[in-house]
Amino acid sequence: MSTLLTLSGVQHHYGRGTRAVAAVGPLDLHVNAGEFVVVVGPSGSGKSTLLRLIAGFEHPSTGTVELAGQPPVPGRDVGVVFQQPRLFPWRSVDGNINAALRWAGVPRADRAAASVDLLAKVGLSGLGARRVWEISGGQQQRVAIARALAARPRLLLLDEPFAALDALTRERLQEDVRTLTNRDGQGAVFVTHSVDEAVFLATRIIVLTDRPGRIAADIAVPLPRTGVPAAELRAWPEYAALRGQVAAAVRATLTEVEERV
Amino acid sequence: MSTEVTERPVVTSRPRGSARRARVFTRPALALLALLVLVGIWQLVALARIWPEQLLPTPGQVWHQLLVTSDSGNGQGGYGGSTLWERLGVSLRRVAYGSVYGIGIGVGLGLLMGLVPAVRATVEPLVTFLRALPPLAYLSLLVIWFGIDEEPKVYLLMIAAFPPVAVATAAAVTGVNRQYVEAARALGARGWQVVASVILPASAPEILTGVRLAVGIAYGSVVAAETVNGADGIGGMVLNAQRYNQTSVVILGLVVIGVTGLLIDSLLVALSRLLSPWRGRA
């Protein structure tokens, strides 16, 4: 597999001089095409900052971020799904997806068909004409995912996208995202503080330390991506073992904090 | 027949007794009642002849003036050569031109002010200064510069209309939720795409509030604009009638201006609901 994303010696801090707060790093990370990397860590471990650096919204104070050999530019090669759907309320569901297609450079003639495909992909066929406030929170997040996929990004970044949803909706979205992203060799970096979500979604889990976030553990998840129903998978002993392993790694970062304080 | 039957329960479910009596006093009903009471008091005071007829005509006399000035065949072509409605049309056209120019300049300038801090720092004091000036005060200058035809009147209304739009637009643009802008950038939107597809629509509800304010100010300034060679408008009619102590015509003018202003305002409220249905929802 080819390397999609490379972070080398990345460090990031907010503010200047003596009041600078270190948020991330130093940190090295490679993500290959087709990998679904889930970043887990306690609150304030710089997970979101890491994602913003990869998306190109911020530039690292030191070190380099390279996406397919280039410094990342927002909207090029990456799709971002935020914690809040951030849909444009002045546009319909279709309007939101069409805007994304237009900005991605999809010709006008192809947009209608592409929009239908994207809605079908996230399980919202027929809801294109709806106003965004007329659909549920889970559906809104599905539209946000469809919108992020519009440009066929090589890498999808998701910043705790299901944190604000109820448990049932969250599980259904987790299942759909899991099957969605392993289809076309796309990479994904998904940030969460839920250990179960990490084990369920990831092909590889990165556990971050407390602020400034460094890599505390890099755990491969050798669970099957297809063919096993979600409920069954969650009952597997391997699944439980991985959960335990990741939870222990996360807990270890917390102990470090307590010892330091 | 069947539709009548299905609609009936709504009617029969009306509250009875005292509750039913209370329902009669809905807001529009109360407003209408207050208006009738006011006209009634006016009628009584006018009939009591505390003041002479030249100072306080009766509602009936004002109504009579409405009929007279609406009649182009009354020997003086309505009032002073044109009917009340022709005059209203002339004034409304001035307001429309002044408002449209003012809104155009206001949105453009407000957008620049909101997007470029340097422009805001430079232009904001000037806009605030213009806003503080009563339109009648700069009319003299406009007359010197542009003569006494339509230009100074439309320019006056334009100058009166653009500051509230500029201020509202600038505030709206700086207040746009950064999350939308970031989401658009994450989707590949650049420069003007972000402005046209995110910043402007996100600002629309607030801009429309500024527009409502601006049209109100422009409309309120039309009488001032017609003080110089504006006898063909409704404001001109009021000014002219004042010269000849035609109190009933003055009152008629005021009522027409007021009612029209209210109608325009409700139209703008309806328009802003239509254009920004998401307001308060996201």
# chains A, B, ... in the order shown; residues from 1 in each chain; ligands from 1
>>> residues_around(residues="A:Arg131", least_positions_apart="4", cutoff="12 Å", atoms="only C-alpha atoms", output="number ranges by chain")
A: 87-96, 127, 135-136, 139-140, 143; B: 276-278, 281-282
>>> interface_residues(of="chain B", to="chain A", cutoff="6 Å", atoms="only C-alpha atoms", output="PDB file with N, CA and C atoms, in the first residue's frame")
ATOM      1  N   ARG B 185     -14.552  25.952   3.101  1.00  0.00           N
ATOM      2  CA  ARG B 185     -13.140  25.839   2.693  1.00  0.00           C
ATOM      3  C   ARG B 185     -12.725  24.372   2.644  1.00  0.00           C
ATOM      4  N   ALA B 186     -13.230  23.586   3.598  1.00  0.00           N
ATOM      5  CA  ALA B 186     -12.903  22.157   3.618  1.00  0.00           C
ATOM      6  C   ALA B 186     -13.479  21.444   2.401  1.00  0.00           C
ATOM      7  N   LEU B 187     -14.494  22.050   1.793  1.00  0.00           N
ATOM      8  CA  LEU B 187     -15.093  21.452   0.602  1.00  0.00           C
ATOM      9  C   LEU B 187     -14.485  22.020  -0.673  1.00  0.00           C
ATOM     10  N   GLY B 188     -13.461  22.862  -0.511  1.00  0.00           N
ATOM     11  CA  GLY B 188     -12.743  23.346  -1.682  1.00  0.00           C
ATOM     12  C   GLY B 188     -13.158  24.728  -2.161  1.00  0.00           C
ATOM     13  N   ALA B 189     -14.052  25.420  -1.437  1.00  0.00           N
ATOM     14  CA  ALA B 189     -14.468  26.761  -1.855  1.00  0.00           C
ATOM     15  C   ALA B 189     -13.319  27.743  -1.639  1.00  0.00           C
ATOM     16  N   TRP B 278     -34.819  29.927   7.112  1.00  0.00           N
ATOM     17  CA  TRP B 278     -34.059  29.187   8.118  1.00  0.00           C
ATOM     18  C   TRP B 278     -33.810  30.036   9.352  1.00  0.00           C
TER      19      TRP B 278
END
>>> atom_distance(atom1="atom CA of A:Arg214", atom2="atom CA of A:Ala241")
23.8 Å
>>> atom_distance(atom1="atom CA of A:Leu242", atom2="atom CA of A:Val40")
13.4 Å
>>> select_by_dssp(residues="stretch 26-204 of chain A", states="strand (DSSP E)", output="number ranges by chain")
A: 26-32, 36-40, 62-67, 78-81, 155-159, 187-192, 204
>>> write_last_selection(atoms="C-alpha atoms", output="PDB file, in the first residue's frame")
ATOM      1  CA  PRO A  26       6.530  15.691  18.709  1.00  0.00           C
ATOM      2  CA  LEU A  27       4.812  13.103  16.574  1.00  0.00           C
ATOM      3  CA  ASP A  28       5.526  10.925  13.527  1.00  0.00           C
ATOM      4  CA  LEU A  29       2.770   9.110  11.672  1.00  0.00           C
ATOM      5  CA  HIS A  30       2.282   7.368   8.336  1.00  0.00           C
ATOM      6  CA  VAL A  31      -1.125   6.486   7.005  1.00  0.00           C
ATOM      7  CA  ASN A  32      -1.436   4.212   3.968  1.00  0.00           C
ATOM      8  CA  PHE A  36      -8.900   3.464   8.666  1.00  0.00           C
ATOM      9  CA  VAL A  37      -6.934   5.066  11.492  1.00  0.00           C
ATOM     10  CA  VAL A  38      -8.813   5.970  14.644  1.00  0.00           C
ATOM     11  CA  VAL A  39      -7.108   8.390  17.015  1.00  0.00           C
ATOM     12  CA  VAL A  40      -8.184   7.883  20.635  1.00  0.00           C
ATOM     13  CA  THR A  62       7.654  22.595  13.559  1.00  0.00           C
ATOM     14  CA  GLY A  63       7.814  19.506  11.386  1.00  0.00           C
ATOM     15  CA  THR A  64       5.965  18.731   8.184  1.00  0.00           C
ATOM     16  CA  VAL A  65       2.622  17.305   7.146  1.00  0.00           C
ATOM     17  CA  GLU A  66       2.440  15.818   3.678  1.00  0.00           C
ATOM     18  CA  LEU A  67      -0.606  14.469   1.944  1.00  0.00           C
ATOM     19  CA  VAL A  78      -9.226  15.653   1.987  1.00  0.00           C
ATOM     20  CA  GLY A  79     -12.845  15.577   3.031  1.00  0.00           C
ATOM     21  CA  VAL A  80     -13.706  16.744   6.547  1.00  0.00           C
ATOM     22  CA  VAL A  81     -16.676  15.751   8.699  1.00  0.00           C
ATOM     23  CA  LEU A 155      -8.447  10.892   2.774  1.00  0.00           C
ATOM     24  CA  LEU A 156     -11.523  11.408   4.904  1.00  0.00           C
ATOM     25  CA  LEU A 157     -11.081  13.191   8.242  1.00  0.00           C
ATOM     26  CA  LEU A 158     -13.775  12.799  10.875  1.00  0.00           C
ATOM     27  CA  ASP A 159     -13.683  14.792  14.118  1.00  0.00           C
ATOM     28  CA  GLY A 187      -7.906   6.438   3.779  1.00  0.00           C
ATOM     29  CA  ALA A 188      -9.612   7.754   6.880  1.00  0.00           C
ATOM     30  CA  VAL A 189      -8.497   9.404  10.091  1.00  0.00           C
ATOM     31  CA  PHE A 190     -11.239   9.360  12.693  1.00  0.00           C
ATOM     32  CA  VAL A 191     -10.948  11.079  16.055  1.00  0.00           C
ATOM     33  CA  THR A 192     -12.926   9.883  19.070  1.00  0.00           C
ATOM     34  CA  ARG A 204      -5.419   0.687  13.211  1.00  0.00           C
TER      35      ARG A 204
END
>>> residues_around(residues="stretch 140-152 of chain B", least_positions_apart="3", cutoff="7 Å", atoms="only C-alpha atoms", output="list in words")
Ala137, Tyr155, Leu156, Val228 and Asn229 of chain B
>>> residues_around(residues="stretch 165-174 of chain B", least_positions_apart="4", cutoff="9 Å", atoms="only C-alpha atoms", output="PyMOL selection string")
chain B and resi 102-115+120+124+127-128+161+199-200+202-214
>>> residues_around(residues="stretch 229-234 of chain A", least_positions_apart="4", cutoff="10 Å", atoms="only C-alpha atoms", output="PDB file with C-alpha atoms, in the first residue's frame")
ATOM      1  CA  GLU A 171     -24.381   2.630  16.137  1.00  0.00           C
ATOM      2  CA  ARG A 172     -26.173   2.671  12.794  1.00  0.00           C
ATOM      3  CA  GLN A 174     -20.825   3.566  12.737  1.00  0.00           C
ATOM      4  CA  GLU A 175     -21.897   0.460  10.803  1.00  0.00           C
ATOM      5  CA  ARG A 178     -17.378   1.169   8.376  1.00  0.00           C
ATOM      6  CA  ASP A 196     -15.579   0.911  21.543  1.00  0.00           C
ATOM      7  CA  VAL A 199     -12.153  -0.817  17.956  1.00  0.00           C
ATOM      8  CA  PHE A 200     -15.284  -1.143  15.849  1.00  0.00           C
ATOM      9  CA  LEU A 223     -10.916  -7.742  12.568  1.00  0.00           C
ATOM     10  CA  PRO A 224     -12.823  -8.575   9.364  1.00  0.00           C
ATOM     11  CA  ARG A 225     -14.247  -5.537   7.553  1.00  0.00           C
ATOM     12  CA  GLU A 238     -10.928 -10.893  19.878  1.00  0.00           C
ATOM     13  CA  TYR A 239     -13.083  -7.782  19.894  1.00  0.00           C
ATOM     14  CA  ALA A 240     -13.291  -7.803  23.687  1.00  0.00           C
ATOM     15  CA  ARG A 243     -11.191  -3.244  23.661  1.00  0.00           C
TER      16      ARG A 243
END
>>> atom_distance(atom1="atom CA of B:Val195", atom2="atom CA of B:Pro164")
20.6 Å
>>> closest_atom_pairs(of="stretch 26-134 of chain A", to="stretch 12-22 of chain A", cutoff="12 Å", atoms="only C-alpha atoms", output="Markdown table")
| residue | atom | partner | partner_atom | distance |
| --- | --- | --- | --- | --- |
| A:Pro26 | CA | A:His12 | CA | 8.1 |
| A:Leu27 | CA | A:His12 | CA | 9.7 |
| A:Gly44 | CA | A:Ala22 | CA | 10.9 |
| A:Ser45 | CA | A:Ala22 | CA | 10.2 |
| A:Gly46 | CA | A:Ala22 | CA | 9.0 |
| A:Lys47 | CA | A:His12 | CA | 11.7 |
| A:Ser48 | CA | A:His12 | CA | 11.8 |
| A:Thr49 | CA | A:His12 | CA | 8.2 |
| A:Leu50 | CA | A:His12 | CA | 8.6 |
| A:Leu51 | CA | A:His12 | CA | 11.8 |
| A:Arg52 | CA | A:His12 | CA | 10.7 |
| A:Leu53 | CA | A:His12 | CA | 8.6 |
| A:Ile54 | CA | A:His12 | CA | 11.9 |
| A:Glu58 | CA | A:His12 | CA | 9.2 |
| A:His59 | CA | A:His12 | CA | 8.0 |
| A:Pro60 | CA | A:His12 | CA | 5.0 |
| A:Ser61 | CA | A:His12 | CA | 4.7 |
| A:Thr62 | CA | A:His12 | CA | 6.7 |
| A:Gly63 | CA | A:His12 | CA | 8.7 |
| A:Thr64 | CA | A:His12 | CA | 10.6 |
| A:Val65 | CA | A:His12 | CA | 11.4 |
>>> decode(residues="stretch 113-143 of chain B", atoms="N, CA and C atoms", output="PDB file, in the first residue's frame")
ATOM      1  N   MET B 113     -16.703  46.457   4.144  1.00  0.00           N
ATOM      2  CA  MET B 113     -16.404  46.817   5.539  1.00  0.00           C
ATOM      3  C   MET B 113     -16.259  45.569   6.406  1.00  0.00           C
ATOM      4  N   GLY B 114     -17.142  44.594   6.154  1.00  0.00           N
ATOM      5  CA  GLY B 114     -17.115  43.377   6.960  1.00  0.00           C
ATOM      6  C   GLY B 114     -15.928  42.487   6.633  1.00  0.00           C
ATOM      7  N   LEU B 115     -15.485  42.531   5.361  1.00  0.00           N
ATOM      8  CA  LEU B 115     -14.417  41.615   4.939  1.00  0.00           C
ATOM      9  C   LEU B 115     -13.033  42.218   5.146  1.00  0.00           C
ATOM     10  N   VAL B 116     -12.917  43.552   4.965  1.00  0.00           N
ATOM     11  CA  VAL B 116     -11.609  44.204   5.050  1.00  0.00           C
ATOM     12  C   VAL B 116     -11.610  45.189   6.217  1.00  0.00           C
ATOM     13  N   PRO B 117     -10.941  44.846   7.304  1.00  0.00           N
ATOM     14  CA  PRO B 117     -10.950  45.717   8.488  1.00  0.00           C
ATOM     15  C   PRO B 117     -10.496  47.151   8.183  1.00  0.00           C
ATOM     16  N   ALA B 118      -9.537  47.296   7.255  1.00  0.00           N
ATOM     17  CA  ALA B 118      -9.039  48.636   6.927  1.00  0.00           C
ATOM     18  C   ALA B 118     -10.147  49.496   6.321  1.00  0.00           C
ATOM     19  N   VAL B 119     -10.953  48.878   5.460  1.00  0.00           N
ATOM     20  CA  VAL B 119     -12.063  49.618   4.854  1.00  0.00           C
ATOM     21  C   VAL B 119     -13.047  50.039   5.938  1.00  0.00           C
ATOM     22  N   ARG B 120     -13.296  49.130   6.858  1.00  0.00           N
ATOM     23  CA  ARG B 120     -14.240  49.442   7.923  1.00  0.00           C
ATOM     24  C   ARG B 120     -13.744  50.620   8.757  1.00  0.00           C
ATOM     25  N   ALA B 121     -12.461  50.573   9.125  1.00  0.00           N
ATOM     26  CA  ALA B 121     -11.887  51.641   9.945  1.00  0.00           C
ATOM     27  C   ALA B 121     -11.970  52.985   9.229  1.00  0.00           C
ATOM     28  N   THR B 122     -11.806  52.965   7.889  1.00  0.00           N
ATOM     29  CA  THR B 122     -11.826  54.205   7.119  1.00  0.00           C
ATOM     30  C   THR B 122     -13.244  54.723   6.935  1.00  0.00           C
ATOM     31  N   VAL B 123     -14.146  53.826   6.593  1.00  0.00           N
ATOM     32  CA  VAL B 123     -15.462  54.235   6.116  1.00  0.00           C
ATOM     33  C   VAL B 123     -16.493  54.384   7.238  1.00  0.00           C
ATOM     34  N   GLU B 124     -16.317  53.593   8.307  1.00  0.00           N
ATOM     35  CA  GLU B 124     -17.350  53.573   9.335  1.00  0.00           C
ATOM     36  C   GLU B 124     -17.656  54.954   9.939  1.00  0.00           C
ATOM     37  N   PRO B 125     -16.619  55.780  10.276  1.00  0.00           N
ATOM     38  CA  PRO B 125     -16.942  57.097  10.839  1.00  0.00           C
ATOM     39  C   PRO B 125     -17.791  57.936   9.891  1.00  0.00           C
ATOM     40  N   LEU B 126     -17.465  57.837   8.584  1.00  0.00           N
ATOM     41  CA  LEU B 126     -18.200  58.608   7.584  1.00  0.00           C
ATOM     42  C   LEU B 126     -19.660  58.160   7.516  1.00  0.00           C
ATOM     43  N   VAL B 127     -19.850  56.855   7.529  1.00  0.00           N
ATOM     44  CA  VAL B 127     -21.211  56.303   7.466  1.00  0.00           C
ATOM     45  C   VAL B 127     -22.001  56.734   8.708  1.00  0.00           C
ATOM     46  N   THR B 128     -21.346  56.656   9.862  1.00  0.00           N
ATOM     47  CA  THR B 128     -22.013  57.057  11.107  1.00  0.00           C
ATOM     48  C   THR B 128     -22.373  58.536  11.069  1.00  0.00           C
ATOM     49  N   PHE B 129     -21.461  59.348  10.494  1.00  0.00           N
ATOM     50  CA  PHE B 129     -21.704  60.789  10.380  1.00  0.00           C
ATOM     51  C   PHE B 129     -22.922  61.060   9.498  1.00  0.00           C
ATOM     52  N   LEU B 130     -22.959  60.401   8.338  1.00  0.00           N
ATOM     53  CA  LEU B 130     -24.093  60.569   7.418  1.00  0.00           C
ATOM     54  C   LEU B 130     -25.396  60.165   8.077  1.00  0.00           C
ATOM     55  N   ARG B 131     -25.299  59.092   8.862  1.00  0.00           N
ATOM     56  CA  ARG B 131     -26.479  58.554   9.507  1.00  0.00           C
ATOM     57  C   ARG B 131     -27.049  59.541  10.519  1.00  0.00           C
ATOM     58  N   ALA B 132     -26.139  60.327  11.144  1.00  0.00           N
ATOM     59  CA  ALA B 132     -26.559  61.270  12.181  1.00  0.00           C
ATOM     60  C   ALA B 132     -27.213  62.516  11.571  1.00  0.00           C
ATOM     61  N   LEU B 133     -26.929  62.788  10.271  1.00  0.00           N
ATOM     62  CA  LEU B 133     -27.464  64.004   9.646  1.00  0.00           C
ATOM     63  C   LEU B 133     -28.930  63.824   9.280  1.00  0.00           C
ATOM     64  N   PRO B 134     -29.776  64.824   9.602  1.00  0.00           N
ATOM     65  CA  PRO B 134     -31.148  64.757   9.101  1.00  0.00           C
ATOM     66  C   PRO B 134     -31.155  65.021   7.589  1.00  0.00           C
ATOM     67  N   PRO B 135     -31.899  64.250   6.809  1.00  0.00           N
ATOM     68  CA  PRO B 135     -31.887  64.407   5.345  1.00  0.00           C
ATOM     69  C   PRO B 135     -32.147  65.835   4.879  1.00  0.00           C
ATOM     70  N   LEU B 136     -33.018  66.538   5.591  1.00  0.00           N
ATOM     71  CA  LEU B 136     -33.344  67.910   5.194  1.00  0.00           C
ATOM     72  C   LEU B 136     -32.091  68.781   5.202  1.00  0.00           C
ATOM     73  N   ALA B 137     -31.105  68.413   6.049  1.00  0.00           N
ATOM     74  CA  ALA B 137     -29.899  69.233   6.192  1.00  0.00           C
ATOM     75  C   ALA B 137     -29.012  69.144   4.957  1.00  0.00           C
ATOM     76  N   TYR B 138     -28.913  67.948   4.346  1.00  0.00           N
ATOM     77  CA  TYR B 138     -28.041  67.887   3.166  1.00  0.00           C
ATOM     78  C   TYR B 138     -28.786  68.095   1.850  1.00  0.00           C
ATOM     79  N   LEU B 139     -30.092  68.296   1.944  1.00  0.00           N
ATOM     80  CA  LEU B 139     -30.846  68.558   0.718  1.00  0.00           C
ATOM     81  C   LEU B 139     -30.315  69.808   0.014  1.00  0.00           C
ATOM     82  N   SER B 140     -30.000  70.853   0.796  1.00  0.00           N
ATOM     83  CA  SER B 140     -29.531  72.109   0.216  1.00  0.00           C
ATOM     84  C   SER B 140     -28.311  71.884  -0.659  1.00  0.00           C
ATOM     85  N   LEU B 141     -27.379  71.090  -0.134  1.00  0.00           N
ATOM     86  CA  LEU B 141     -26.160  70.804  -0.877  1.00  0.00           C
ATOM     87  C   LEU B 141     -26.471  70.046  -2.165  1.00  0.00           C
ATOM     88  N   LEU B 142     -27.378  69.072  -2.051  1.00  0.00           N
ATOM     89  CA  LEU B 142     -27.742  68.266  -3.218  1.00  0.00           C
ATOM     90  C   LEU B 142     -28.419  69.122  -4.283  1.00  0.00           C
ATOM     91  N   VAL B 143     -29.208  70.119  -3.829  1.00  0.00           N
ATOM     92  CA  VAL B 143     -29.884  71.009  -4.777  1.00  0.00           C
ATOM     93  C   VAL B 143     -28.852  71.847  -5.515  1.00  0.00           C
TER      94      VAL B 143
END
